Each structure stands twice: as C-alpha cells, then as structure tokens.
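Peer 1: Sharing entry-v4.txt here; it has compact mmCIF, C-alpha atoms.
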```txt
# COMPACT_ATOMS: atom_id res chain seq x y z
CA MET A 1 23.05 -46.34 -42.68
CA LYS A 2 24.84 -43.01 -43.38
CA ASN A 3 22.32 -41.20 -41.20
CA LEU A 4 22.95 -43.66 -38.38
CA VAL A 5 26.68 -43.02 -38.61
CA LYS A 6 26.09 -39.25 -38.58
CA ILE A 7 23.82 -39.57 -35.52
CA VAL A 8 26.41 -41.67 -33.71
CA LEU A 9 29.18 -39.16 -34.51
CA VAL A 10 27.07 -36.20 -33.36
CA LEU A 11 26.17 -38.00 -30.13
CA CYS A 12 29.78 -38.95 -29.51
CA LEU A 13 30.95 -35.39 -30.11
CA SER A 14 28.26 -34.02 -27.82
CA LEU A 15 29.03 -36.51 -25.07
CA GLY A 16 32.75 -36.03 -25.47
CA LEU A 17 32.53 -32.26 -25.30
CA ALA A 18 30.16 -32.40 -22.33
CA ALA A 19 32.55 -34.73 -20.52
CA CYS A 20 35.47 -32.41 -21.24
CA LYS A 21 33.72 -29.30 -19.95
CA LYS A 22 35.35 -27.92 -16.82
CA GLN A 23 33.16 -27.27 -13.83
CA THR A 24 33.30 -23.79 -12.33
CA LYS A 25 32.63 -22.62 -8.82
CA GLN A 26 31.67 -19.03 -8.10
CA SER A 27 33.50 -17.47 -5.16
CA GLY A 28 32.71 -13.78 -4.80
CA ASP A 29 33.89 -12.05 -7.95
CA ASP A 30 36.44 -14.75 -8.74
CA MET A 31 35.80 -17.80 -10.89
CA MET A 32 37.83 -20.89 -10.06
CA MET A 33 38.36 -23.77 -12.46
CA ASP A 34 38.48 -27.37 -11.32
CA GLU A 35 41.62 -28.54 -13.15
CA ASN A 36 41.40 -32.10 -11.77
CA LEU A 37 38.61 -33.21 -14.09
CA ALA A 38 39.76 -35.85 -16.56
CA ALA A 39 38.10 -36.37 -19.92
CA PRO A 40 37.30 -39.96 -20.91
CA THR A 41 39.06 -41.26 -23.99
CA THR A 42 36.11 -43.35 -25.16
CA VAL A 43 32.34 -43.02 -25.07
CA ASP A 44 29.71 -45.79 -25.27
CA VAL A 45 26.69 -44.79 -27.33
CA THR A 46 23.57 -46.83 -28.02
CA VAL A 47 21.43 -45.73 -30.95
CA GLU A 48 17.96 -47.21 -31.39
CA ASP A 49 18.12 -51.02 -31.12
CA THR A 50 21.74 -51.42 -32.14
CA ALA A 51 24.65 -52.62 -30.03
CA PRO A 52 26.73 -50.01 -28.19
CA VAL A 53 29.32 -48.28 -30.35
CA VAL A 54 32.64 -47.30 -28.80
CA VAL A 55 34.23 -44.23 -30.34
CA ASP A 56 37.70 -43.00 -29.49
CA VAL A 57 37.06 -39.36 -28.52
CA GLN A 58 40.77 -38.56 -28.84
CA ASN A 59 40.60 -39.19 -32.60
CA THR A 60 37.37 -37.30 -33.15
CA GLU A 61 37.39 -34.25 -35.36
CA VAL A 62 35.98 -31.11 -33.74
CA ALA A 63 34.98 -27.93 -35.57
CA LEU A 64 36.13 -24.66 -34.03
CA ARG A 65 34.55 -21.26 -34.66
CA GLN A 66 34.33 -20.33 -38.32
CA VAL A 67 35.22 -17.00 -39.89
CA ASN A 68 33.29 -15.27 -42.65
CA PHE A 69 34.41 -13.20 -45.61
CA ALA A 70 33.11 -10.34 -47.74
CA LEU A 71 31.98 -11.01 -51.30
CA ASP A 72 34.92 -11.92 -53.59
CA ARG A 73 37.42 -11.36 -50.74
CA TYR A 74 39.82 -13.53 -48.80
CA ASN A 75 41.35 -10.96 -46.46
CA LEU A 76 40.65 -11.37 -42.73
CA SER A 77 38.55 -8.81 -40.88
CA ASP A 78 39.41 -7.72 -37.32
CA THR A 79 36.52 -9.89 -36.07
CA ALA A 80 37.88 -12.89 -37.98
CA LYS A 81 41.36 -12.34 -36.51
CA LYS A 82 39.94 -12.36 -32.98
CA ILE A 83 38.05 -15.60 -33.67
CA LEU A 84 41.18 -17.20 -35.13
CA ALA A 85 43.24 -16.08 -32.13
CA ASP A 86 40.73 -17.84 -29.85
CA ASN A 87 40.87 -20.92 -32.08
CA ALA A 88 44.68 -20.86 -31.99
CA GLN A 89 44.64 -20.94 -28.18
CA LEU A 90 42.43 -24.02 -28.27
CA ILE A 91 44.70 -25.68 -30.84
CA LYS A 92 47.81 -24.88 -28.77
CA ALA A 93 46.14 -26.48 -25.74
CA LYS A 94 45.91 -29.75 -27.72
CA GLY A 95 49.70 -29.75 -28.08
CA SER A 96 51.80 -31.00 -30.96
CA ASN A 97 49.41 -33.92 -31.51
CA ALA A 98 46.77 -31.67 -33.05
CA ASN A 99 46.07 -32.03 -36.75
CA VAL A 100 44.29 -29.02 -38.21
CA THR A 101 42.35 -28.75 -41.45
CA VAL A 102 41.13 -25.40 -42.72
CA GLU A 103 38.28 -25.60 -45.23
CA GLY A 104 37.57 -22.70 -47.60
CA HIS A 105 33.97 -22.17 -48.73
CA CYS A 106 32.14 -19.77 -51.07
CA ASP A 107 28.59 -18.82 -51.93
CA GLU A 108 27.02 -20.10 -55.16
CA ARG A 109 27.80 -17.03 -57.24
CA GLY A 110 30.70 -17.31 -59.66
CA THR A 111 32.00 -20.21 -61.70
CA ILE A 112 33.04 -23.49 -60.12
CA ALA A 113 36.71 -22.83 -60.96
CA TYR A 114 36.56 -19.30 -59.52
CA ASN A 115 34.93 -20.49 -56.29
CA ILE A 116 37.44 -23.33 -55.84
CA ALA A 117 40.31 -20.85 -56.26
CA LEU A 118 38.69 -18.31 -53.90
CA GLY A 119 37.98 -21.01 -51.29
CA ASP A 120 41.64 -22.04 -51.51
CA LYS A 121 42.78 -18.44 -50.97
CA ARG A 122 40.49 -18.15 -47.92
CA ALA A 123 41.79 -21.38 -46.38
CA THR A 124 45.40 -20.43 -47.13
CA GLU A 125 44.95 -16.98 -45.57
CA VAL A 126 43.61 -18.57 -42.37
CA ARG A 127 46.53 -21.04 -42.35
CA LYS A 128 49.04 -18.18 -42.72
CA TYR A 129 47.38 -16.27 -39.89
CA TYR A 130 47.55 -19.32 -37.63
CA GLY A 131 51.27 -19.41 -38.43
CA ARG A 132 51.63 -15.74 -37.40
CA LEU A 133 49.91 -16.69 -34.14
CA GLY A 134 52.59 -19.27 -33.43
CA LEU A 135 51.04 -22.49 -34.68
CA ASN A 136 53.15 -24.96 -36.64
CA THR A 137 51.80 -24.69 -40.19
CA ALA A 138 53.28 -28.10 -41.01
CA ASN A 139 50.34 -29.54 -39.01
CA ILE A 140 47.76 -27.44 -40.87
CA THR A 141 46.31 -28.61 -44.17
CA THR A 142 43.94 -26.65 -46.38
CA VAL A 143 41.14 -27.73 -48.68
CA SER A 144 38.73 -25.76 -50.85
CA TYR A 145 35.15 -26.84 -51.34
CA GLY A 146 34.16 -23.76 -53.31
CA GLU A 147 30.37 -23.65 -53.32
CA GLU A 148 29.90 -27.41 -52.78
CA LYS A 149 29.08 -27.41 -49.04
CA PRO A 150 26.71 -24.53 -48.32
CA LEU A 151 25.32 -23.93 -44.83
CA CYS A 152 22.35 -22.01 -46.20
CA PHE A 153 20.40 -22.65 -49.40
CA GLU A 154 18.33 -19.48 -49.85
CA GLN A 155 19.28 -17.03 -52.56
CA THR A 156 19.58 -14.02 -50.26
CA GLU A 157 22.56 -11.89 -49.24
CA SER A 158 22.11 -13.01 -45.63
CA CYS A 159 22.39 -16.63 -46.73
CA TYR A 160 25.28 -15.98 -49.12
CA SER A 161 27.26 -14.31 -46.30
CA LYS A 162 26.94 -17.46 -44.17
CA ASN A 163 28.38 -19.58 -46.99
CA ARG A 164 31.45 -17.34 -47.50
CA ARG A 165 33.53 -18.87 -44.73
CA ALA A 166 36.56 -20.79 -43.56
CA GLU A 167 36.09 -23.63 -41.09
CA THR A 168 38.80 -25.00 -38.81
CA LEU A 169 38.64 -28.70 -37.91
CA VAL A 170 40.93 -30.19 -35.26
CA SER A 171 41.68 -33.82 -34.51
CA VAL A 172 44.21 -35.28 -32.10
CA LYS A 173 46.50 -38.10 -33.21
```
Please, can you express the file's structure as structure tokens?
Peer 2:
Amino acid sequence: MKNLVKIVLVLCLSLGLAACKKQTKQSGDDMMMDENLAAPTTVDVTVEDTAPVVVDVQNTEVALRQVNFALDRYNLSDTAKKILADNAQLIKAKGSNANVTVEGHCDERGTIAYNIALGDKRATEVRKYYGRLGLNTANITTVSYGEEKPLCFEQTESCYSKNRRAETLVSVK
C-alpha cells in the first residue's frame, strides 16, 4: 500500500510539473514565454485497477535543487550559493503562501549524535542564506536527518559526497 501511495505521489508530481511547464517559442535569437498558460490545481491519476485519485497539486511538496557539503563542514560553497539563489527565486515566485523545509543530511561516518548536530548546522546555514537572499525565514523550518536518509549506499567517497547535503522542499498553503 505504501508503494502505491508513493507511485501516486510521483505521478501527481510529474503530471503537475509537466502541466506547469511554460511553452517557449523560438523567434530568431529571442526566446518568448507564453505567460497565459494556467496550471491545473488538481490532477486525476489512475494506478493499476484502482479508482482515480484526485490530488491537490497546490498542496504538493516539491523538492528544489539540493546543495552538497565537504566532509565535516556546513559552510556554503560558491556553487551552493548559486543553487540556493536559483531556489530562492523559485520560492519567491510562489509568494507568501510558500512553506519551506530545509533538510540537513550527512554521510554514515561519525556518531549518530554528531551527524544529527551537523545536519542541523547544514540546514540552519541554508535557512540563514535564504534569509540573506530576502526570503522570510519565519516560513522556513529546518530538520536534521543526520545519516538516516542516504541517497547512496556504497561505502565510497563519491557516494559519501552525495549524502552530505541539504534539501529544500516547498509546499504552497
């Protein structure tokens, strides 16, 4: 049943994002955006032999681009700051109705307590940076998962670097 719910949510997100995508028309060197496209607020999804499920796309949580960190660090690199600036523009476009959650994550090295504290510092640093970019930090919550939600499970530096991250999730009230 949990897998069915996950499939439905992924399908709804995919359909919702596809419906929200703006169409572009190429005219010489200029790109023009069609601003008159309206995004639907609900999506009907049928999975296997079940009845259609209606999901309110406006209340769906969407993950923005994540930022990564060096080993045992929580300071933001120049690359991370650029990613967060792009994320901030997307959040601002949602208006004051946007609720933002920043999740701090770590690789598996270190104690559980250390990784929870480091994940919290990473999430807090991203929250502070969003504030410096003009976002209302009262609408931004932070949570640390430490090493509990890895993206990669191999015990290699390449894999560890993927797990040292902060993720930004946005939902609209």
Peer 1: Show which residues sit within 6 Å of segment 119-124 of chain A, as JSON, numbers by chain. Count all atoms listed in the file, and ignore same-chain residues fewer than 4 positions away.
Peer 2: {"A": [74, 102, 103, 104, 105, 106, 115, 142, 144, 146, 166]}
Peer 1: Would you mind reading off the distance between atom CA of Ala70 of chain A and atom CA of Glu157 of chain A, one decimal, in Å?
Peer 2: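 The value is 10.8 Å.
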Peer 1: Atom CA of Gln66 of chain A and atom CA of Gly134 of chain A are how many Å apart?
Peer 2: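 Between these atoms lies a distance of 18.9 Å.
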Peer 1: When distances are computed from all atoms listed in the file, which of A:Ala113, A:Val126, A:Leu135, A:Ala93 shows the smallest separation from Val67 of chain A?
Peer 2: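 Looking only at the distances to Val67 of chain A, the closest residue turns out to be A:Val126.
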Peer 1: Which value, in Å to one decimal, gives the distance between atom CA of Leu64 of chain A and atom CA of Glu167 of chain A?
Peer 2: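 So the two atoms, atom CA of Leu64 of chain A and atom CA of Glu167 of chain A, lie 7.1 Å apart.
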Peer 1: Compare A:Ala88, A:Leu151, A:Val100, A:Ala138 by their minimum atom-to-atom distance to Thr60 of chain A, counting all atoms listed in the file, and give me the closest one.
Peer 2: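 Closest to Thr60 of chain A, using all atoms listed in the file: A:Val100.
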Peer 1: Measuring between only C-alpha atoms, which one of A:Lys94, A:Lys173, A:Arg132, A:Arg165 shows the shortest distance to Leu118 of chain A?
Peer 2: A:Arg165
Peer 1: Counting only C-alpha atoms, which residue out of A:Glu125, A:Glu154, A:Glu148, A:Glu61 sits closest to Lys81 of chain A?
Peer 2: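 Distance minimum relative to Lys81 of chain A lands on A:Glu125.
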Peer 1: Rank nothing, just name the residue among A:Arg109, A:Lys82, A:Arg127, A:Lys92 nearest to Gln155 of chain A, using all atoms listed in the file.
Peer 2: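 Distance minimum relative to Gln155 of chain A lands on A:Arg109.
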